[in-house]
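Enquirer: Got a structure here, written out as structure tokens. Questions coming.
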Amino acid sequence: MDRFFQALRPFIRSVVTHAYGVLLVGIALTVASVFLASNLRIDTDFSKLVPEDYESVKALERLRETVGAESELAVGIVSPSFDANRRFAETLIPAALGLVDRRSNEPFLSRVDYRRDTEFLEDNALYFATDDEIDSLETFLEEQIEEAKLEANPFFFDLEDEDEEPDSSGTHLRDLYDDIIGTEYPISEDSTTLVLRFFPTGSQTDIGYIERLYDAMESLVDQLEPTSFDAEMEITIAGRLQRQVVEIRAVTNDIVNTLGLGITIVLLTVVAYFSYKAYSARSTGTFSWVLLASVVARIPVMAIIIGLPLVMSLTWTAAIASITVETLNLMTATLGLVLFGLGIDYGIHFYARYTEERARQLEPIDAVEHTFVSTGQAITVGALTTAAALYVLIVADFRGFSEFGFIAGTGIMLALVGMLVIMPAMIVVLERWHLLKLTSRGDVAESVRPTGRFKRARPIILVSSLAVLASLVMFPPRFEYEFGKLEPDFTEYEARRAIIRRVYSDKRRRNPAYVVADRPEDVPAIAAAVRAKAAADTVSPTIRGVESLQDRFPLDADAQQRKLDRIQEIRDLLDDPFLSLESGEDLERLRRAAQTTAPIPLESVPEFLRKQFTSKSGELGGFLAIYPSVGLSDGRESMAFAEDVGTIVTADGTRYHAGSTSIIAADMLRLMQEESPWIVAATFVVVLLLMRLNFGVWRWALMAALPLAVGVLWMILIMEVFDLRLNFYNLIVLPAVLGIGNDAGVHIVHRYLEEGKGSIRYVLRSTGEHITMGSLTTMMGFAGPLLSFHPGLQSIGELAVVGIGATLVSALLFLPAVIQWREDRKAGDGVSGEALGTRV
């Protein structure tokens with residue numbers, strides 16, 4: 001590496017000589033990049049983070065094309081008048097179903113849940129009951145008959161406590177009846193709230209589509225003027241789809257705000273630091289108000305020196321991203337903050353060393369050359385290791401990793417170019433214009449170099465080693481599977497949701513997965529395979545039930561006769577002598593529901609029932625829904641459900657794949673967990689190889705990488721002590737932490753080999769100051785999310801700050817202690833680069 005940079009001496013001198021030309025080229029590239037970057041868009045469809053050849057992605061795409069969205073848009077209509085609510089609903093429905101997405105030129109909505117023909121259903125309810133529901137009714141009636149027989153026995157004594165809870169069978173029967181029939185209108189118990197549920201044609205993972213849908217619905221509601229129907233009418237637009245819209249909007253605003261705050265804090269800190277460096281370089285040890293005022297007046301110049309090259313590199317990165325990946329996903333959309341936090345580190349190191357060289361009376365061209373060959377080499381090694389750590393992600397299947405790695409790695413390399421080429425040219429130009437003054441006001445004696453040993457080396461090594469052992473005992477770090485703990489509370493959304501829950505509050509039918517059959521005739525076989533799998537899983541069942549049109553409405557003659565036979569069995573039970581004389585609302589409703597004796601024609605089936613099983617093309621009964629019995633907010637349960645229903649094999653060996661966003665989320669989580677360990681291992685290997693390439697021998701390569709390994713283990717210890725866990729969000733930070741954490745060790749070892757034996761205290765005083773400032777500003781950039789309301793984003797900031805901080809402390813304490821211990825062991829031996837055969 002040293003030979004390579006020695007060969008670049010003419011290049012960097014040419015940059016200084018042609019500084020104006022270099023800046024013009026950089027500005028031209030930036031202007032062109034802004035034009036290209038303007039085409040960059042954010043694709044919020046997180047299903048695209050999983051490879052396209054995954055069966056879950058194919059199944060979701062087929063579901064999207066066949067059925068549409070899995071969740072609904074809900075409209076709550078609230079007023080004292082039920083009649084006004086009904087009239088508004090019947091005005092809104094046709095207008096809403098006519099809304100068209102201008103981007104796709106397709107209708108936004110496919111159907112609506114509104115009015116049910118309850119009278120027809122009350123007469124034929126059992127004909128539309130599933131086999132499971134009929135089984136439950138049959139069990140209930142048999143229990144009632146058995147109970148009646150016991151009560152008729154003169155020797156029967158009821159030993160149950162009269163104060164015990166009443167039997168839940170009757171409640172279960174009413175729940176089943178309500179599932180099949182429901183109410184005529186979807187209204188609350190006091191009839192003041194009516195809720196419409198619209199089902200979109202697009203995918204619920206496409207946040208952009210959902211935003212357009214809600215915007216269109218809000219505009220339509222405003223146009224209809226609800227208060228013209230009733231002066232007290234209020235309309236609430238909600239639904240599960242809105243939760244995603246609210247979160248994305250809030251997260252986007254949060255990222256922008258935290259990014260702005262992070263950049264502001266970092267720039268202020270850097271400007272203050274370099275203003276101090278400028279004052280120190282130009283002073284003669286005495287305080288001067290005139291000099292201080294001059295330095296303060298040039299503060300904007302400091303910000304430009306650090307900020308402009310970095311901004312230029314960010315625009316170049318965005319341009320390359322627009323050409324290659326074309327769109328940003330939900331993870332790469334946050335890269336602005338990450339790249340700013342990483343890139344500014346290089347500028348700090350270069351400019352800090354440059355000010356030192358100018359303070360020694362070197363001319364600008366010589367100061368740039370010396371800084372480029374010495375500190376620039378260490379910066380390059382650090383940037384290469386960081387970029388390499390990120391580029392390792394490219395081979396990952398999970399596109400959240402691969403695209404993040406490509407864009408971030410490219411951004412790091414371009415930030416390096418900006419800081420090693422654009423910044424020197426800018427510094428020279430500003431010095432020529434006398435906007436930047438770094439020379440001292442007179443001949444200044446060389447500053448006194450700290451000498452002596454690095455104190456307490458052995459205790460530091462001992463304590464550090466104990467911390468490493470403790471972290472190894474606690475390895476690996478725990479993972480947070482509860483998605484709910486990573487989600488914020490949205491007060492406004494919860495208030496809207498409460499209104500909808502006045503009418504719809506059934507949790508049993510949430511988050512279904514769908515299987516689209518090749519033909520409607522295949523659906524019963526698929527349903528049978530799912531039920532068989534659910535019945536066989538007695539250890540960790542995840543399937544609550546299956547529902548299809550064929551379950552509710554038999555289509556062929558054989559199925560129709562089987563359904564009629566089942567209904568006859570229910571009638572036989574109702575005619576049992578021990579029940580025939582029984583009365584009661586529940587039994588009377590059941591007798592009415594069981595009076596169907598002939599097949600019902602398809603055209604007689606209520607539209608609301610047909611619509612929910614009709615595809616976008618009009619095909620009836622071509623898919624089924626599988627309802628989970630577990631909460632999918634737990635990642636482990638989500639993966640278990642995906643494992644159970646992801647692939648369905650029918651009796652004849654045909655394979656079908658279920659599609660849902662929960663299965664996509666499970667695949668994402670599984671991918672991240674499977675790929676993270678080898679990504680971390682590959683990153684360490686790449687770092688070590690680059691260290692070996694840079695230092696020439698393994699001894700100093702391992703020495704430079706030591707703070708990274710120790711710091712990461714300390715990070716794990718801190719995570720365990722403070723209960724910080726890895727999760728879906730912060731896993732992406734690990735490669736960045738690994739790359740950044742290596743920089744400090746590289747800079748210290750480089751400077752130590754340059755200065756020689758006994759220089760570790762001086763290295764810490766000079767280079768240590770620079771890496772501390774660089775790491776602190778990087779931590780500040782990453783600390784922006786700590787102020788976020790979103791727990792997932794907060795976890796990104798927490799892990800980044802802990803990881804970078806731990807590697808910094810390791811470089812400032814553990815590495816010098818090891819170097820001092822090594823010197824003590826080789827007392828009297830030279831440690832210069834030449835003596836050790838490790839000239840860098």
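Every chain in the structure tokens has a letter given in the order shown (A, B, ...), and although residue numbers restart at 1 in each chain, ligands are simply numbered from 1 in the order shown.
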Return as a PyMOL selection string the full set of residues in segment 365-603 of chain A whose backbone-based DSSP assignment is strand (DSSP E).

Expert: chain A and resi 513-516+543-548

Enquirer: Based on the selection just made, write all heavy atoms of those residues as an mmCIF file, in the first residue's frame.

Expert:
data_model
loop_
_atom_site.group_PDB
_atom_site.id
_atom_site.type_symbol
_atom_site.label_atom_id
_atom_site.label_comp_id
_atom_site.auth_asym_id
_atom_site.auth_seq_id
_atom_site.Cartn_x
_atom_site.Cartn_y
_atom_site.Cartn_z
ATOM 1 N N ALA A 513 -53.768 -16.233 5.246
ATOM 2 C CA ALA A 513 -52.979 -16.500 4.048
ATOM 3 C C ALA A 513 -53.933 -17.073 3.002
ATOM 4 O O ALA A 513 -54.916 -17.736 3.344
ATOM 5 C CB ALA A 513 -51.866 -17.502 4.351
ATOM 6 N N TYR A 514 -53.641 -16.803 1.741
ATOM 7 C CA TYR A 514 -54.528 -17.234 0.668
ATOM 8 C C TYR A 514 -53.793 -18.197 -0.263
ATOM 9 O O TYR A 514 -52.604 -18.033 -0.533
ATOM 10 C CB TYR A 514 -55.022 -16.037 -0.145
ATOM 11 C CG TYR A 514 -55.952 -15.118 0.622
ATOM 12 C CD1 TYR A 514 -55.447 -14.095 1.421
ATOM 13 C CD2 TYR A 514 -57.323 -15.267 0.536
ATOM 14 C CE1 TYR A 514 -56.291 -13.252 2.130
ATOM 15 C CE2 TYR A 514 -58.184 -14.420 1.224
ATOM 16 C CZ TYR A 514 -57.660 -13.418 2.023
ATOM 17 O OH TYR A 514 -58.500 -12.585 2.715
ATOM 18 N N VAL A 515 -54.542 -19.179 -0.765
ATOM 19 C CA VAL A 515 -54.025 -20.103 -1.766
ATOM 20 C C VAL A 515 -54.911 -19.966 -2.999
ATOM 21 O O VAL A 515 -56.125 -20.173 -2.920
ATOM 22 C CB VAL A 515 -54.030 -21.564 -1.280
ATOM 23 C CG1 VAL A 515 -53.504 -22.479 -2.386
ATOM 24 C CG2 VAL A 515 -53.192 -21.706 -0.024
ATOM 25 N N VAL A 516 -54.308 -19.624 -4.121
ATOM 26 C CA VAL A 516 -55.034 -19.502 -5.379
ATOM 27 C C VAL A 516 -54.888 -20.818 -6.129
ATOM 28 O O VAL A 516 -53.778 -21.262 -6.426
ATOM 29 C CB VAL A 516 -54.504 -18.328 -6.227
ATOM 30 C CG1 VAL A 516 -55.268 -18.233 -7.549
ATOM 31 C CG2 VAL A 516 -54.620 -17.025 -5.446
ATOM 32 N N ILE A 543 -52.662 -23.328 12.662
ATOM 33 C CA ILE A 543 -53.781 -23.123 11.742
ATOM 34 C C ILE A 543 -55.093 -23.186 12.516
ATOM 35 O O ILE A 543 -55.401 -24.194 13.153
ATOM 36 C CB ILE A 543 -53.781 -24.187 10.621
ATOM 37 C CG1 ILE A 543 -52.462 -24.135 9.847
ATOM 38 C CG2 ILE A 543 -54.957 -23.976 9.688
ATOM 39 C CD1 ILE A 543 -52.310 -25.265 8.836
ATOM 40 N N ARG A 544 -55.847 -22.088 12.480
ATOM 41 C CA ARG A 544 -57.147 -22.054 13.147
ATOM 42 C C ARG A 544 -58.217 -22.710 12.290
ATOM 43 O O ARG A 544 -59.036 -23.479 12.768
ATOM 44 C CB ARG A 544 -57.552 -20.612 13.458
ATOM 45 C CG ARG A 544 -58.932 -20.497 14.112
ATOM 46 C CD ARG A 544 -59.343 -19.048 14.280
ATOM 47 N NE ARG A 544 -58.465 -18.356 15.204
ATOM 48 C CZ ARG A 544 -58.585 -18.406 16.529
ATOM 49 N NH1 ARG A 544 -59.547 -19.131 17.086
ATOM 50 N NH2 ARG A 544 -57.754 -17.746 17.304
ATOM 51 N N GLY A 545 -58.217 -22.380 10.999
ATOM 52 C CA GLY A 545 -59.240 -22.930 10.134
ATOM 53 C C GLY A 545 -59.039 -22.517 8.694
ATOM 54 O O GLY A 545 -58.154 -21.714 8.368
ATOM 55 N N VAL A 546 -59.861 -23.095 7.824
ATOM 56 C CA VAL A 546 -59.805 -22.841 6.387
ATOM 57 C C VAL A 546 -61.193 -22.422 5.922
ATOM 58 O O VAL A 546 -62.199 -22.947 6.419
ATOM 59 C CB VAL A 546 -59.352 -24.102 5.619
ATOM 60 C CG1 VAL A 546 -59.204 -23.801 4.136
ATOM 61 C CG2 VAL A 546 -58.052 -24.635 6.193
ATOM 62 N N GLU A 547 -61.235 -21.496 4.993
ATOM 63 C CA GLU A 547 -62.529 -21.047 4.480
ATOM 64 C C GLU A 547 -62.439 -20.856 2.975
ATOM 65 O O GLU A 547 -61.499 -20.258 2.467
ATOM 66 C CB GLU A 547 -62.960 -19.745 5.150
ATOM 67 C CG GLU A 547 -64.359 -19.313 4.783
ATOM 68 C CD GLU A 547 -64.809 -18.087 5.555
ATOM 69 O OE1 GLU A 547 -63.933 -17.358 6.063
ATOM 70 O OE2 GLU A 547 -66.020 -17.856 5.630
ATOM 71 N N SER A 548 -63.451 -21.394 2.279
ATOM 72 C CA SER A 548 -63.546 -21.215 0.832
ATOM 73 C C SER A 548 -65.015 -21.122 0.460
ATOM 74 O O SER A 548 -65.902 -21.434 1.272
ATOM 75 C CB SER A 548 -62.886 -22.382 0.090
ATOM 76 O OG SER A 548 -63.630 -23.583 0.304
#

Enquirer: With only C-alpha atoms as the counted atoms, please give the residues lying no more than 10 Å from Glu521 of chain A, apart from itself and same-chain residues fewer than 5 positions off, as a short mmCIF file (atom, residue, chain, number, x, y, z; two decimals) with N, CA, C and O atoms, in the first residue's frame.

Expert:
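Heads up, here's the output in result16.cif:
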data_model
loop_
_atom_site.label_atom_id
_atom_site.label_comp_id
_atom_site.auth_asym_id
_atom_site.auth_seq_id
_atom_site.Cartn_x
_atom_site.Cartn_y
_atom_site.Cartn_z
N ILE A 526 -57.37 -28.85 -1.85
CA ILE A 526 -56.40 -28.03 -1.13
C ILE A 526 -56.85 -27.83 0.31
O ILE A 526 -56.05 -27.95 1.26
N GLN A 550 -66.46 -23.04 -1.58
CA GLN A 550 -66.96 -24.40 -1.62
C GLN A 550 -67.37 -24.89 -0.23
O GLN A 550 -68.27 -25.73 -0.09
N LEU A 555 -70.69 -26.39 -4.90
CA LEU A 555 -70.90 -26.08 -6.31
C LEU A 555 -71.34 -27.28 -7.14
O LEU A 555 -72.13 -27.14 -8.07
N ASP A 556 -70.83 -28.49 -6.84
CA ASP A 556 -71.20 -29.65 -7.65
C ASP A 556 -72.29 -30.46 -6.95
O ASP A 556 -72.54 -30.30 -5.75
N GLY A 621 -64.91 -18.73 -6.64
CA GLY A 621 -64.45 -19.86 -5.85
C GLY A 621 -63.10 -20.41 -6.22
O GLY A 621 -62.84 -21.60 -6.00
N GLY A 622 -62.21 -19.59 -6.75
CA GLY A 622 -60.91 -20.07 -7.19
C GLY A 622 -59.81 -19.97 -6.16
O GLY A 622 -58.65 -20.24 -6.47
#

Enquirer: Rank nothing, just name the residue among A:Met474, A:Ala32, A:Val429, A:Leu73 nearest to Met715 of chain A, using only C-alpha atoms.

Expert: A:Met474

Enquirer: Give me, as a VMD selection string, all polymer residues having an atom no more than 7 Å from segment 361-368 of chain A, counting only C-alpha atoms and skipping those fewer than 4 positions away in the same chain.

Expert: chain A and resid 13 16 354 357 372 424 428 439

Enquirer: Could those selected residues go to a file with N, CA and C atoms, as a compact mmCIF listing (two decimals), in the first residue's frame?

Expert:
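Result written to out20.txt:
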# COMPACT_ATOMS: atom_id res chain seq x y z
N ARG A 13 -0.05 16.05 -6.34
CA ARG A 13 0.53 17.36 -6.63
C ARG A 13 -0.16 17.98 -7.84
N VAL A 16 -3.40 19.55 -6.70
CA VAL A 16 -3.19 20.87 -6.10
C VAL A 16 -2.87 21.91 -7.17
N TYR A 354 -3.77 17.80 7.92
CA TYR A 354 -3.32 18.91 7.07
C TYR A 354 -3.04 20.15 7.93
N GLU A 357 0.30 19.84 9.54
CA GLU A 357 1.42 20.05 8.63
C GLU A 357 1.58 21.53 8.30
N PHE A 372 -1.61 13.32 2.28
CA PHE A 372 -2.16 12.31 1.37
C PHE A 372 -1.40 10.99 1.51
N PRO A 424 -8.74 18.42 -0.94
CA PRO A 424 -7.45 19.11 -1.10
C PRO A 424 -7.52 20.27 -2.09
N VAL A 428 -6.85 24.25 -1.03
CA VAL A 428 -5.83 25.08 -1.69
C VAL A 428 -6.46 26.34 -2.27
N THR A 439 -1.49 28.91 8.57
CA THR A 439 -0.09 29.08 8.99
C THR A 439 -0.04 29.83 10.31

Enquirer: So which bits of segment 556-649 of chain A end up alpha helix (DSSP H) when you DSSP the backbone, as a ChimeraX atom specification?

Expert: /A:557-574,577-580,585-593,607-611,635-645

Enquirer: Store the residues of this selection in a file with C-alpha atoms, as a PDB file, in the first residue's frame.

Expert:
ATOM      1  CA  ALA A 557     -74.060 -32.115  -7.206  1.00  0.00           C
ATOM      2  CA  ASP A 558     -72.129 -34.478  -4.918  1.00  0.00           C
ATOM      3  CA  ALA A 559     -71.059 -31.682  -2.592  1.00  0.00           C
ATOM      4  CA  GLN A 560     -74.580 -30.285  -2.548  1.00  0.00           C
ATOM      5  CA  GLN A 561     -76.016 -33.674  -1.544  1.00  0.00           C
ATOM      6  CA  ARG A 562     -73.388 -34.099   1.194  1.00  0.00           C
ATOM      7  CA  LYS A 563     -74.336 -30.680   2.579  1.00  0.00           C
ATOM      8  CA  LEU A 564     -78.037 -31.556   2.511  1.00  0.00           C
ATOM      9  CA  ASP A 565     -77.282 -34.844   4.292  1.00  0.00           C
ATOM     10  CA  ARG A 566     -75.420 -32.975   7.022  1.00  0.00           C
ATOM     11  CA  ILE A 567     -78.351 -30.605   7.437  1.00  0.00           C
ATOM     12  CA  GLN A 568     -80.680 -33.611   7.704  1.00  0.00           C
ATOM     13  CA  GLU A 569     -78.490 -34.959  10.504  1.00  0.00           C
ATOM     14  CA  ILE A 570     -78.926 -31.663  12.355  1.00  0.00           C
ATOM     15  CA  ARG A 571     -82.703 -31.856  11.850  1.00  0.00           C
ATOM     16  CA  ASP A 572     -82.692 -35.404  13.210  1.00  0.00           C
ATOM     17  CA  LEU A 573     -80.933 -34.222  16.320  1.00  0.00           C
ATOM     18  CA  LEU A 574     -83.389 -31.354  16.712  1.00  0.00           C
ATOM     19  CA  PRO A 577     -87.511 -36.635  21.792  1.00  0.00           C
ATOM     20  CA  PHE A 578     -85.300 -35.100  24.439  1.00  0.00           C
ATOM     21  CA  LEU A 579     -84.939 -31.853  22.376  1.00  0.00           C
ATOM     22  CA  SER A 580     -88.173 -31.653  20.393  1.00  0.00           C
ATOM     23  CA  GLU A 585     -84.241 -18.469  21.063  1.00  0.00           C
ATOM     24  CA  ASP A 586     -81.086 -20.353  20.103  1.00  0.00           C
ATOM     25  CA  LEU A 587     -82.865 -23.617  19.269  1.00  0.00           C
ATOM     26  CA  GLU A 588     -85.660 -21.872  17.409  1.00  0.00           C
ATOM     27  CA  ARG A 589     -83.194 -19.999  15.224  1.00  0.00           C
ATOM     28  CA  LEU A 590     -81.351 -23.261  14.599  1.00  0.00           C
ATOM     29  CA  ARG A 591     -84.562 -25.044  13.556  1.00  0.00           C
ATOM     30  CA  ARG A 592     -85.260 -22.266  11.072  1.00  0.00           C
ATOM     31  CA  ALA A 593     -81.697 -22.380   9.736  1.00  0.00           C
ATOM     32  CA  GLU A 607     -74.031 -11.106  -3.501  1.00  0.00           C
ATOM     33  CA  PHE A 608     -71.978 -10.277  -0.393  1.00  0.00           C
ATOM     34  CA  LEU A 609     -71.133 -13.982  -0.045  1.00  0.00           C
ATOM     35  CA  ARG A 610     -70.267 -14.435  -3.700  1.00  0.00           C
ATOM     36  CA  LYS A 611     -68.212 -11.253  -3.880  1.00  0.00           C
ATOM     37  CA  GLY A 635     -41.647 -13.529  14.491  1.00  0.00           C
ATOM     38  CA  ARG A 636     -41.277 -17.122  15.654  1.00  0.00           C
ATOM     39  CA  GLU A 637     -45.011 -17.734  15.337  1.00  0.00           C
ATOM     40  CA  SER A 638     -45.011 -16.023  11.956  1.00  0.00           C
ATOM     41  CA  MET A 639     -42.235 -18.310  10.717  1.00  0.00           C
ATOM     42  CA  ALA A 640     -44.026 -21.362  12.139  1.00  0.00           C
ATOM     43  CA  PHE A 641     -47.259 -20.394  10.364  1.00  0.00           C
ATOM     44  CA  ALA A 642     -45.345 -19.839   7.123  1.00  0.00           C
ATOM     45  CA  GLU A 643     -43.717 -23.239   7.543  1.00  0.00           C
ATOM     46  CA  ASP A 644     -47.133 -24.887   7.964  1.00  0.00           C
ATOM     47  CA  VAL A 645     -49.018 -23.176   5.133  1.00  0.00           C
TER      48      VAL A 645
END

Enquirer: With distances taken over only C-alpha atoms, which of A:Met691, A:Leu813, A:Leu335, A:Leu462 is nearest to Thr380 of chain A?

Expert: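 Among the listed residues, A:Met691 lies closest to Thr380 of chain A.
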
Enquirer: Please indicate the distance in Å from atom CA of Ala396 of chain A to atom CA of Phe684 of chain A, rounded to one decimal place.

Expert: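 Distance reported for this atom pair: 16.2 Å.
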
Enquirer: Given only C-alpha atoms as the basis, pick out the residue of A:Ser322, A:Ser81, A:Ser788, A:Ser629 nearest to Ser191 of chain A.

Expert: A:Ser81

Enquirer: Counting only C-alpha atoms, figure out which residue out of A:Thr778, A:Thr597, A:Ser56, A:Asn253 gets nearest to Ala666 of chain A.

Expert: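 With only C-alpha atoms as the atom set, the closest residue is A:Ser56.
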
Enquirer: So the first atom is atom CA of Phe613 of chain A and the second is atom CA of Ala74 of chain A; what is the distance between them in Å, to one decimal place?

Expert: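 We find that atom CA of Phe613 of chain A and atom CA of Ala74 of chain A lie 19.1 Å from each other.
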
Enquirer: What lies within 12 Å of Glu218 of chain A using only C-alpha atoms, ignoring chain neighbours under 2 positions off, as a list in words?

Expert: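 These residues fall inside the cut-off: Leu73, Ala74, Val75, Leu92, Ala96, Leu99, Glu211, Arg212, Leu213, Tyr214, Asp215, Ala216, Leu220, Val221, Asp222, Gln223, Leu224, Glu225, Pro226, Ile235, Thr236, Ile237 and Ala238 of chain A.
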
Enquirer: With distances taken over only C-alpha atoms, which residue among A:Pro477, A:Pro80, A:Pro707, A:Gly400 lies nearest His747 of chain A?

Expert: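 That would be A:Pro707, the residue with the smallest distance to His747 of chain A.
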
Enquirer: One number please: atom CA of Ile42 of chain A to atom CA of Ala250 of chain A, in Å, one decimal.

Expert: 15.3 Å
